[in-house]
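Asks: Input file: target-v2.cif. Contents: mmCIF, C-alpha atoms.
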data_data
loop_
_atom_site.label_atom_id
_atom_site.label_comp_id
_atom_site.auth_asym_id
_atom_site.auth_seq_id
_atom_site.Cartn_x
_atom_site.Cartn_y
_atom_site.Cartn_z
CA MET A 1285 -66.01 99.39 -105.11
CA THR A 1286 -63.50 96.87 -103.79
CA GLU A 1287 -63.25 93.82 -106.02
CA THR A 1288 -64.16 90.63 -104.19
CA VAL A 1289 -62.94 88.25 -106.91
CA HIS A 1290 -59.70 88.49 -108.86
CA LEU A 1291 -58.23 86.73 -111.88
CA GLU A 1292 -54.45 86.43 -111.97
CA VAL A 1293 -52.75 84.72 -114.91
CA ALA A 1294 -49.21 83.39 -115.19
CA ASP A 1295 -47.66 80.62 -117.28
CA GLY A 1296 -50.99 79.44 -118.65
CA VAL A 1297 -52.73 79.13 -115.27
CA GLY A 1298 -55.54 81.48 -114.30
CA VAL A 1299 -56.24 81.77 -110.59
CA ILE A 1300 -59.77 82.90 -109.73
CA ARG A 1301 -59.35 84.16 -106.17
CA LEU A 1302 -62.27 84.90 -103.87
CA ASP A 1303 -61.36 87.87 -101.68
CA ARG A 1304 -64.17 88.89 -99.37
CA PRO A 1305 -62.84 88.40 -95.84
CA PRO A 1306 -63.36 87.02 -93.37
CA MET A 1307 -65.44 84.15 -94.82
CA ASN A 1308 -65.79 84.90 -98.55
CA ALA A 1309 -69.57 85.15 -98.19
CA LEU A 1310 -71.05 84.97 -101.66
CA ASP A 1311 -73.08 88.15 -101.97
CA VAL A 1312 -74.67 89.39 -105.20
CA ALA A 1313 -71.69 91.54 -106.16
CA LEU A 1314 -69.30 88.62 -105.73
CA GLN A 1315 -71.56 86.33 -107.74
CA ASP A 1316 -71.74 88.79 -110.62
CA ARG A 1317 -67.99 89.37 -110.62
CA LEU A 1318 -67.38 85.62 -110.50
CA ARG A 1319 -69.44 85.21 -113.66
CA GLU A 1320 -67.51 87.98 -115.42
CA LEU A 1321 -64.15 86.47 -114.56
CA ALA A 1322 -65.24 82.93 -115.44
CA ASP A 1323 -66.29 84.23 -118.87
CA GLU A 1324 -62.95 86.05 -119.17
CA ALA A 1325 -60.98 82.94 -118.24
CA ALA A 1326 -62.97 80.99 -120.83
CA ARG A 1327 -62.15 83.51 -123.58
CA ARG A 1328 -58.49 84.21 -122.89
CA ASP A 1329 -56.00 82.20 -124.90
CA ASP A 1330 -53.32 82.69 -122.24
CA VAL A 1331 -55.49 80.85 -119.71
CA ARG A 1332 -55.18 77.11 -120.34
CA ALA A 1333 -56.20 75.83 -116.88
CA VAL A 1334 -57.87 77.41 -113.84
CA VAL A 1335 -57.51 77.25 -110.06
CA LEU A 1336 -60.45 78.25 -107.82
CA TRP A 1337 -59.01 79.54 -104.55
CA GLY A 1338 -60.45 81.24 -101.50
CA GLY A 1339 -57.22 81.81 -99.62
CA GLU A 1340 -55.35 79.99 -96.89
CA LYS A 1341 -58.12 80.07 -94.27
CA VAL A 1342 -61.43 79.53 -96.05
CA PHE A 1343 -62.77 78.63 -99.47
CA ALA A 1344 -66.25 80.10 -99.07
CA ALA A 1345 -68.57 79.71 -96.09
CA GLY A 1346 -71.74 80.19 -98.12
CA ALA A 1347 -74.17 82.88 -99.20
CA ASP A 1348 -74.44 86.27 -97.53
CA ILE A 1349 -77.38 85.42 -95.28
CA LYS A 1350 -77.89 89.01 -94.10
CA GLU A 1351 -78.31 90.08 -97.72
CA MET A 1352 -80.56 87.12 -98.48
CA GLN A 1353 -82.75 87.55 -95.39
CA VAL A 1354 -84.32 90.77 -96.69
CA MET A 1355 -85.18 89.27 -100.09
CA ASP A 1356 -88.79 88.22 -100.58
CA HIS A 1357 -90.17 85.69 -103.06
CA ALA A 1358 -90.37 88.17 -105.92
CA ALA A 1359 -86.79 89.34 -105.35
CA MET A 1360 -85.43 85.79 -105.33
CA VAL A 1361 -87.42 84.82 -108.42
CA ALA A 1362 -85.68 87.71 -110.15
CA ARG A 1363 -82.26 86.77 -108.74
CA ALA A 1364 -82.18 82.96 -108.74
CA ARG A 1365 -81.31 82.59 -112.43
CA ASP A 1366 -78.40 85.02 -112.13
CA LEU A 1367 -77.13 83.09 -109.11
CA GLN A 1368 -77.17 79.82 -111.01
CA ASP A 1369 -75.72 81.42 -114.13
CA ALA A 1370 -72.69 82.66 -112.18
CA PHE A 1371 -71.87 79.14 -111.03
CA THR A 1372 -72.68 77.61 -114.40
CA ALA A 1373 -70.21 80.02 -116.01
CA VAL A 1374 -67.50 78.45 -113.83
CA ALA A 1375 -68.64 74.91 -114.62
CA ARG A 1376 -68.58 75.67 -118.34
CA ILE A 1377 -65.08 77.10 -118.53
CA PRO A 1378 -63.82 74.96 -121.45
CA LYS A 1379 -60.53 74.25 -119.72
CA PRO A 1380 -59.45 72.10 -116.76
CA VAL A 1381 -60.58 73.67 -113.46
CA VAL A 1382 -59.37 72.61 -110.00
CA ALA A 1383 -60.77 73.83 -106.69
CA ALA A 1384 -58.27 74.35 -103.86
CA VAL A 1385 -60.51 73.92 -100.80
CA THR A 1386 -59.35 75.23 -97.45
CA GLY A 1387 -61.39 75.66 -94.29
CA TYR A 1388 -65.11 75.88 -94.90
CA ALA A 1389 -66.80 75.15 -98.22
CA LEU A 1390 -70.44 75.33 -97.21
CA GLY A 1391 -73.65 76.07 -99.08
CA GLY A 1392 -72.70 78.17 -102.06
CA GLY A 1393 -69.05 77.48 -101.30
CA CYS A 1394 -69.59 73.75 -101.66
CA GLU A 1395 -71.66 74.38 -104.80
CA LEU A 1396 -68.80 76.43 -106.25
CA ALA A 1397 -66.35 73.60 -105.57
CA LEU A 1398 -68.75 71.24 -107.36
CA CYS A 1399 -68.30 73.36 -110.50
CA ALA A 1400 -64.64 72.35 -110.73
CA ASP A 1401 -63.39 69.30 -112.60
CA TYR A 1402 -61.20 68.23 -109.67
CA ARG A 1403 -61.17 69.14 -105.98
CA ILE A 1404 -58.13 69.14 -103.70
CA ALA A 1405 -59.04 69.70 -100.05
CA ALA A 1406 -57.07 70.60 -96.96
CA ASP A 1407 -57.04 68.00 -94.22
CA ASN A 1408 -58.92 70.50 -92.03
CA ALA A 1409 -61.58 71.34 -94.64
CA LYS A 1410 -65.29 71.03 -93.90
CA LEU A 1411 -67.88 70.79 -96.65
CA GLY A 1412 -71.65 70.63 -96.73
CA GLN A 1413 -75.01 71.92 -97.91
CA PRO A 1414 -76.61 73.40 -94.77
CA GLU A 1415 -79.38 75.32 -96.54
CA ILE A 1416 -82.10 73.07 -95.07
CA LEU A 1417 -81.21 74.49 -91.63
CA LEU A 1418 -82.32 77.88 -92.95
CA GLY A 1419 -85.60 76.52 -94.22
CA VAL A 1420 -84.54 76.48 -97.88
CA ILE A 1421 -82.67 74.18 -100.28
CA PRO A 1422 -79.45 74.65 -102.25
CA GLY A 1423 -80.06 77.12 -105.07
CA ALA A 1424 -76.77 77.32 -106.96
CA GLY A 1425 -76.71 73.78 -108.30
CA GLY A 1426 -76.34 71.69 -105.17
CA THR A 1427 -79.43 69.55 -105.71
CA GLN A 1428 -78.24 68.77 -109.24
CA ARG A 1429 -74.42 68.66 -109.28
CA LEU A 1430 -73.99 66.93 -105.92
CA PRO A 1431 -76.09 63.81 -106.73
CA ARG A 1432 -74.44 63.59 -110.14
CA LEU A 1433 -71.08 63.52 -108.38
CA ILE A 1434 -71.66 61.28 -105.35
CA GLY A 1435 -75.01 59.60 -106.09
CA PRO A 1436 -78.54 60.52 -105.06
CA SER A 1437 -78.76 58.78 -101.67
CA LYS A 1438 -75.49 60.23 -100.36
CA ALA A 1439 -76.41 63.65 -101.71
CA LYS A 1440 -79.83 63.48 -100.06
CA ASP A 1441 -78.20 62.65 -96.73
CA LEU A 1442 -76.11 65.82 -96.91
CA ILE A 1443 -78.94 67.99 -98.25
CA PHE A 1444 -81.67 66.64 -95.93
CA THR A 1445 -79.59 66.89 -92.75
CA GLY A 1446 -77.49 69.93 -93.59
CA ARG A 1447 -74.56 68.29 -91.83
CA MET A 1448 -70.94 69.20 -92.48
CA VAL A 1449 -68.42 66.53 -93.43
CA LYS A 1450 -64.74 66.62 -92.66
CA ALA A 1451 -62.14 66.12 -95.36
CA ASP A 1452 -61.70 62.39 -94.80
CA GLU A 1453 -65.43 61.70 -95.15
CA ALA A 1454 -65.65 64.02 -98.13
CA LEU A 1455 -62.91 61.96 -99.78
CA ALA A 1456 -64.70 58.70 -99.01
CA LEU A 1457 -67.94 60.10 -100.44
CA GLY A 1458 -66.20 61.27 -103.62
CA LEU A 1459 -67.01 64.88 -102.83
CA VAL A 1460 -63.30 65.72 -103.04
CA ASP A 1461 -60.59 63.92 -105.01
CA ARG A 1462 -57.50 64.42 -102.87
CA VAL A 1463 -56.79 65.46 -99.27
CA VAL A 1464 -53.46 67.08 -98.44
CA PRO A 1465 -51.99 69.09 -95.55
CA ALA A 1466 -53.54 72.55 -95.40
CA ALA A 1467 -50.24 74.25 -96.20
CA GLU A 1468 -49.98 72.31 -99.48
CA VAL A 1469 -53.48 72.77 -100.93
CA TYR A 1470 -52.77 75.73 -103.18
CA GLU A 1471 -49.37 74.42 -104.28
CA GLN A 1472 -50.79 71.05 -105.29
CA ALA A 1473 -53.83 72.55 -107.01
CA HIS A 1474 -51.62 74.93 -108.95
CA ALA A 1475 -49.29 72.09 -109.92
CA TRP A 1476 -52.29 70.09 -111.23
CA ALA A 1477 -53.39 73.06 -113.31
CA ALA A 1478 -49.88 73.89 -114.49
CA ARG A 1479 -49.31 70.36 -115.77
CA LEU A 1480 -52.52 70.45 -117.79
CA ALA A 1481 -51.76 73.97 -119.02
CA GLN A 1482 -48.89 72.40 -120.96
CA GLY A 1483 -51.22 69.90 -122.61
CA PRO A 1484 -53.19 69.98 -125.87
CA ALA A 1485 -55.73 72.76 -125.29
CA ILE A 1486 -58.23 71.73 -127.96
CA ALA A 1487 -58.13 68.06 -127.00
CA LEU A 1488 -58.61 68.93 -123.32
CA ARG A 1489 -61.58 71.09 -124.20
CA ALA A 1490 -63.01 68.23 -126.25
CA ALA A 1491 -62.50 65.76 -123.40
CA LYS A 1492 -64.25 68.03 -120.90
CA GLU A 1493 -67.20 68.71 -123.17
CA ALA A 1494 -67.57 65.05 -124.10
CA VAL A 1495 -67.64 63.94 -120.47
CA ASP A 1496 -69.92 66.74 -119.24
CA ALA A 1497 -72.36 66.61 -122.13
CA GLY A 1498 -72.37 62.82 -122.13
CA LEU A 1499 -73.40 62.71 -118.48
CA GLU A 1500 -76.56 64.61 -119.38
CA ALA A 1501 -77.50 62.21 -122.19
CA ASP A 1502 -78.21 58.55 -122.82
CA LEU A 1503 -75.27 56.29 -123.76
CA ASP A 1504 -75.90 56.36 -127.52
CA THR A 1505 -76.03 60.16 -127.53
CA GLY A 1506 -72.90 60.30 -125.40
CA LEU A 1507 -71.08 58.03 -127.80
CA ALA A 1508 -72.14 60.25 -130.69
CA ILE A 1509 -70.73 63.29 -128.85
CA GLU A 1510 -67.48 61.42 -128.26
CA ARG A 1511 -67.32 60.23 -131.87
CA THR A 1512 -67.84 63.74 -133.23
CA TRP A 1513 -65.11 65.26 -131.08
CA PHE A 1514 -62.72 62.34 -131.68
CA ALA A 1515 -62.96 62.75 -135.45
CA ALA A 1516 -62.80 66.55 -135.25
CA LEU A 1517 -59.48 66.43 -133.42
CA PHE A 1518 -57.88 64.83 -136.48
CA ALA A 1519 -58.10 68.29 -138.08
CA THR A 1520 -56.07 69.94 -135.32
CA GLU A 1521 -52.44 70.77 -134.72
CA ASP A 1522 -52.74 69.07 -131.32
CA ARG A 1523 -53.23 65.73 -133.02
CA GLU A 1524 -50.39 66.31 -135.49
CA ILE A 1525 -47.95 67.26 -132.73
CA GLY A 1526 -48.99 64.44 -130.41
CA MET A 1527 -48.84 61.63 -132.96
CA ARG A 1528 -45.68 62.90 -134.62
CA SER A 1529 -43.94 63.03 -131.24
CA PHE A 1530 -45.18 59.57 -130.32
CA VAL A 1531 -43.82 58.03 -133.51
CA ALA A 1532 -40.49 59.83 -133.25
CA ASP A 1533 -39.82 59.79 -129.51
CA GLY A 1534 -42.34 57.53 -127.78
CA PRO A 1535 -45.27 58.41 -125.50
CA GLY A 1536 -45.52 61.41 -123.22
CA LYS A 1537 -42.89 63.66 -124.80
CA ALA A 1538 -45.02 65.93 -127.01
CA LYS A 1539 -44.64 69.70 -126.58
CA PHE A 1540 -47.95 71.31 -127.43
CA ASN A 1541 -48.36 74.93 -128.49
#
Would you write out, as structure tokens, the structure that this file holds?
Replies:
Amino acid sequence: MTETVHLEVADGVGVIRLDRPPMNALDVALQDRLRELADEAARRDDVRAVVLWGGEKVFAAGADIKEMQVMDHAAMVARARDLQDAFTAVARIPKPVVAAVTGYALGGGCELALCADYRIAADNAKLGQPEILLGVIPGAGGTQRLPRLIGPSKAKDLIFTGRMVKADEALALGLVDRVVPAAEVYEQAHAWAARLAQGPAIALRAAKEAVDAGLEADLDTGLAIERTWFAALFATEDREIGMRSFVADGPGKAKFN
């Protein structure tokens, strides 16, 4: 069977590449392979940051509707958890993750981009959650991650209408974090990941977990999560290297292992 997702690693950056032309439709096989590679990227010590990439023309145009059309209620009850788990595996990679969004990121494609920590979009990108136009709702996290990112009323507008937004509106909404010329999307996303791949891996993992877990809790619980990680990092080599370098050479010059 031809692999529809690949993981390529070089210089600390793992690139998870969707490869199911022409539109990277997210069928069951792709979802399952995505979960496997997200788990692999999470485990591998040589992966210190991750780029999600669908290629130069399209990020992912959504689910495989032909495959989904023949599924009845019982089949989707059996499948829905696996669908969500595949995307959650990406969201829980304990390393910085950036989505390089080109062309369409619709439905499941938009939901996959939402699993990244940072999103860089091409100036010709179009994003949205059009599931309502099929008589369903987002099922891979869209009703949960999108309102947490851009707020409930803006998320409801996109989910209720199913409309697509262009890159400039996506930026204004906070759905993406940077818009660049299409030819530069991958280069800039990789540069973002490569810079963080040189950073303190344990501290970055702590920062990601503190932010993500804190968003799901009340403020006091979030502060307790932060406090626990902050103190724990004083037992790490990251902290020793960073503070020693600061005292000796000033800020921003530490070389982490």
Asks: Interatomic distance between CA of Phe1444 (chain A) and CA of Gln1413 (chain A)?
Replies: 8.7 Å
Asks: Could you expand the PyMOL selection byres ((chain A and resi 1527) around 12) into the explicit residues it covers here, written as a PyMOL selection string?
Replies: chain A and resi 1484+1517-1518+1520-1526+1528-1540
Asks: Just the selected residues (C-alpha atoms), exported as a PDB file, in the coordinates of the input, please.
Replies:
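File again-v4.pdb, as written:
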ATOM      1  CA  PRO A1484     -53.190  69.980-125.870  1.00  0.00           C
ATOM      2  CA  LEU A1517     -59.480  66.430-133.420  1.00  0.00           C
ATOM      3  CA  PHE A1518     -57.880  64.830-136.480  1.00  0.00           C
ATOM      4  CA  THR A1520     -56.070  69.940-135.320  1.00  0.00           C
ATOM      5  CA  GLU A1521     -52.440  70.770-134.720  1.00  0.00           C
ATOM      6  CA  ASP A1522     -52.740  69.070-131.320  1.00  0.00           C
ATOM      7  CA  ARG A1523     -53.230  65.730-133.020  1.00  0.00           C
ATOM      8  CA  GLU A1524     -50.390  66.310-135.490  1.00  0.00           C
ATOM      9  CA  ILE A1525     -47.950  67.260-132.730  1.00  0.00           C
ATOM     10  CA  GLY A1526     -48.990  64.440-130.410  1.00  0.00           C
ATOM     11  CA  ARG A1528     -45.680  62.900-134.620  1.00  0.00           C
ATOM     12  CA  SER A1529     -43.940  63.030-131.240  1.00  0.00           C
ATOM     13  CA  PHE A1530     -45.180  59.570-130.320  1.00  0.00           C
ATOM     14  CA  VAL A1531     -43.820  58.030-133.510  1.00  0.00           C
ATOM     15  CA  ALA A1532     -40.490  59.830-133.250  1.00  0.00           C
ATOM     16  CA  ASP A1533     -39.820  59.790-129.510  1.00  0.00           C
ATOM     17  CA  GLY A1534     -42.340  57.530-127.780  1.00  0.00           C
ATOM     18  CA  PRO A1535     -45.270  58.410-125.500  1.00  0.00           C
ATOM     19  CA  GLY A1536     -45.520  61.410-123.220  1.00  0.00           C
ATOM     20  CA  LYS A1537     -42.890  63.660-124.800  1.00  0.00           C
ATOM     21  CA  ALA A1538     -45.020  65.930-127.010  1.00  0.00           C
ATOM     22  CA  LYS A1539     -44.640  69.700-126.580  1.00  0.00           C
ATOM     23  CA  PHE A1540     -47.950  71.310-127.430  1.00  0.00           C
TER      24      PHE A1540
END
Asks: Evaluate the PyMOL selection byres ((chain A and resi 1454-1460) around 12) here and jot the selected residues down as a PyMOL selection string.
Replies: chain A and resi 1382-1386+1389+1394-1395+1397-1413+1426+1429-1439+1441-1442+1447-1453+1461-1464
Asks: Any idea what's packed within 8 Å of region 1301-1308 of chain A, counting only C-alpha atoms, ignoring anything in its chain fewer than 3 positions away? Could you give it as JSON, numbers by chain?
Replies: {"A": [1287, 1288, 1289, 1290, 1291, 1292, 1336, 1337, 1338, 1339, 1342, 1343, 1344, 1345, 1346]}
Asks: Keeping only C-alpha atoms, write those residues as a PDB file, in the coordinates of the input.
Replies:
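Below is the file that was written, part-v9.pdb:
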ATOM      1  CA  GLU A1287     -63.250  93.820-106.020  1.00  0.00           C
ATOM      2  CA  THR A1288     -64.160  90.630-104.190  1.00  0.00           C
ATOM      3  CA  VAL A1289     -62.940  88.250-106.910  1.00  0.00           C
ATOM      4  CA  HIS A1290     -59.700  88.490-108.860  1.00  0.00           C
ATOM      5  CA  LEU A1291     -58.230  86.730-111.880  1.00  0.00           C
ATOM      6  CA  GLU A1292     -54.450  86.430-111.970  1.00  0.00           C
ATOM      7  CA  LEU A1336     -60.450  78.250-107.820  1.00  0.00           C
ATOM      8  CA  TRP A1337     -59.010  79.540-104.550  1.00  0.00           C
ATOM      9  CA  GLY A1338     -60.450  81.240-101.500  1.00  0.00           C
ATOM     10  CA  GLY A1339     -57.220  81.810 -99.620  1.00  0.00           C
ATOM     11  CA  VAL A1342     -61.430  79.530 -96.050  1.00  0.00           C
ATOM     12  CA  PHE A1343     -62.770  78.630 -99.470  1.00  0.00           C
ATOM     13  CA  ALA A1344     -66.250  80.100 -99.070  1.00  0.00           C
ATOM     14  CA  ALA A1345     -68.570  79.710 -96.090  1.00  0.00           C
ATOM     15  CA  GLY A1346     -71.740  80.190 -98.120  1.00  0.00           C
TER      16      GLY A1346
END
Asks: Do you have the CA of Met1360 (chain A)-CA of Lys1440 (chain A) distance handy?
Replies: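 Interatomic distance, CA of Met1360 (chain A) to CA of Lys1440 (chain A): 23.6 Å.
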Asks: Can I get region 1393-1404 of chain A with all heavy atoms filled in, as a compact mmCIF listing (two decimals), in the coordinates of the input?
Replies:
# COMPACT_ATOMS: atom_id res chain seq x y z
N GLY A 1393 -70.46 77.83 -101.17
CA GLY A 1393 -69.05 77.48 -101.30
C GLY A 1393 -68.86 76.06 -101.75
O GLY A 1393 -68.01 75.77 -102.61
N CYS A 1394 -69.65 75.14 -101.21
CA CYS A 1394 -69.59 73.75 -101.66
C CYS A 1394 -70.08 73.66 -103.11
O CYS A 1394 -69.49 72.95 -103.93
CB CYS A 1394 -70.45 72.89 -100.75
SG CYS A 1394 -70.34 71.11 -101.09
N GLU A 1395 -71.14 74.40 -103.43
CA GLU A 1395 -71.66 74.38 -104.80
C GLU A 1395 -70.63 74.92 -105.79
O GLU A 1395 -70.53 74.43 -106.92
CB GLU A 1395 -72.95 75.20 -104.86
CG GLU A 1395 -74.11 74.51 -104.17
CD GLU A 1395 -75.32 75.40 -104.01
OE1 GLU A 1395 -75.19 76.48 -103.38
OE2 GLU A 1395 -76.40 75.02 -104.48
N LEU A 1396 -69.84 75.91 -105.38
CA LEU A 1396 -68.80 76.43 -106.25
C LEU A 1396 -67.72 75.37 -106.47
O LEU A 1396 -67.25 75.17 -107.60
CB LEU A 1396 -68.18 77.69 -105.66
CG LEU A 1396 -67.07 78.35 -106.48
CD1 LEU A 1396 -67.55 78.70 -107.89
CD2 LEU A 1396 -66.55 79.59 -105.77
N ALA A 1397 -67.33 74.67 -105.42
CA ALA A 1397 -66.35 73.60 -105.57
C ALA A 1397 -66.86 72.51 -106.51
O ALA A 1397 -66.09 71.92 -107.27
CB ALA A 1397 -66.00 73.01 -104.21
N LEU A 1398 -68.16 72.25 -106.47
CA LEU A 1398 -68.75 71.24 -107.36
C LEU A 1398 -68.62 71.62 -108.83
O LEU A 1398 -68.69 70.75 -109.70
CB LEU A 1398 -70.23 71.05 -107.03
CG LEU A 1398 -70.57 70.40 -105.69
CD1 LEU A 1398 -72.07 70.45 -105.44
CD2 LEU A 1398 -70.07 68.96 -105.64
N CYS A 1399 -68.43 72.90 -109.12
CA CYS A 1399 -68.30 73.36 -110.50
C CYS A 1399 -66.93 73.06 -111.10
O CYS A 1399 -66.74 73.19 -112.30
CB CYS A 1399 -68.57 74.86 -110.59
SG CYS A 1399 -70.27 75.33 -110.18
N ALA A 1400 -65.98 72.67 -110.25
CA ALA A 1400 -64.64 72.35 -110.73
C ALA A 1400 -64.61 70.93 -111.29
O ALA A 1400 -65.47 70.10 -110.99
CB ALA A 1400 -63.62 72.50 -109.61
N ASP A 1401 -63.60 70.65 -112.07
CA ASP A 1401 -63.39 69.30 -112.60
C ASP A 1401 -62.72 68.39 -111.59
O ASP A 1401 -62.84 67.16 -111.67
CB ASP A 1401 -62.53 69.36 -113.87
CG ASP A 1401 -63.15 70.23 -114.93
OD1 ASP A 1401 -64.30 69.98 -115.32
OD2 ASP A 1401 -62.48 71.21 -115.37
N TYR A 1402 -62.00 68.99 -110.64
CA TYR A 1402 -61.20 68.23 -109.67
C TYR A 1402 -61.13 69.07 -108.41
O TYR A 1402 -61.05 70.31 -108.48
CB TYR A 1402 -59.81 67.98 -110.25
CG TYR A 1402 -58.99 66.92 -109.58
CD1 TYR A 1402 -59.24 65.57 -109.79
CD2 TYR A 1402 -57.92 67.27 -108.74
CE1 TYR A 1402 -58.46 64.59 -109.18
CE2 TYR A 1402 -57.14 66.29 -108.14
CZ TYR A 1402 -57.42 64.95 -108.36
OH TYR A 1402 -56.64 63.98 -107.76
N ARG A 1403 -61.15 68.42 -107.25
CA ARG A 1403 -61.17 69.14 -105.98
C ARG A 1403 -60.07 68.60 -105.08
O ARG A 1403 -60.05 67.40 -104.77
CB ARG A 1403 -62.54 68.98 -105.30
CG ARG A 1403 -63.64 69.83 -105.89
CD ARG A 1403 -65.02 69.25 -105.63
NE ARG A 1403 -65.21 68.03 -106.40
CZ ARG A 1403 -65.56 68.02 -107.70
NH1 ARG A 1403 -65.78 69.15 -108.34
NH2 ARG A 1403 -65.69 66.88 -108.36
N ILE A 1404 -59.18 69.49 -104.66
CA ILE A 1404 -58.13 69.14 -103.70
C ILE A 1404 -58.46 69.87 -102.40
O ILE A 1404 -58.61 71.10 -102.39
CB ILE A 1404 -56.74 69.54 -104.21
CG1 ILE A 1404 -56.42 68.79 -105.52
CG2 ILE A 1404 -55.67 69.26 -103.15
CD1 ILE A 1404 -55.11 69.17 -106.16
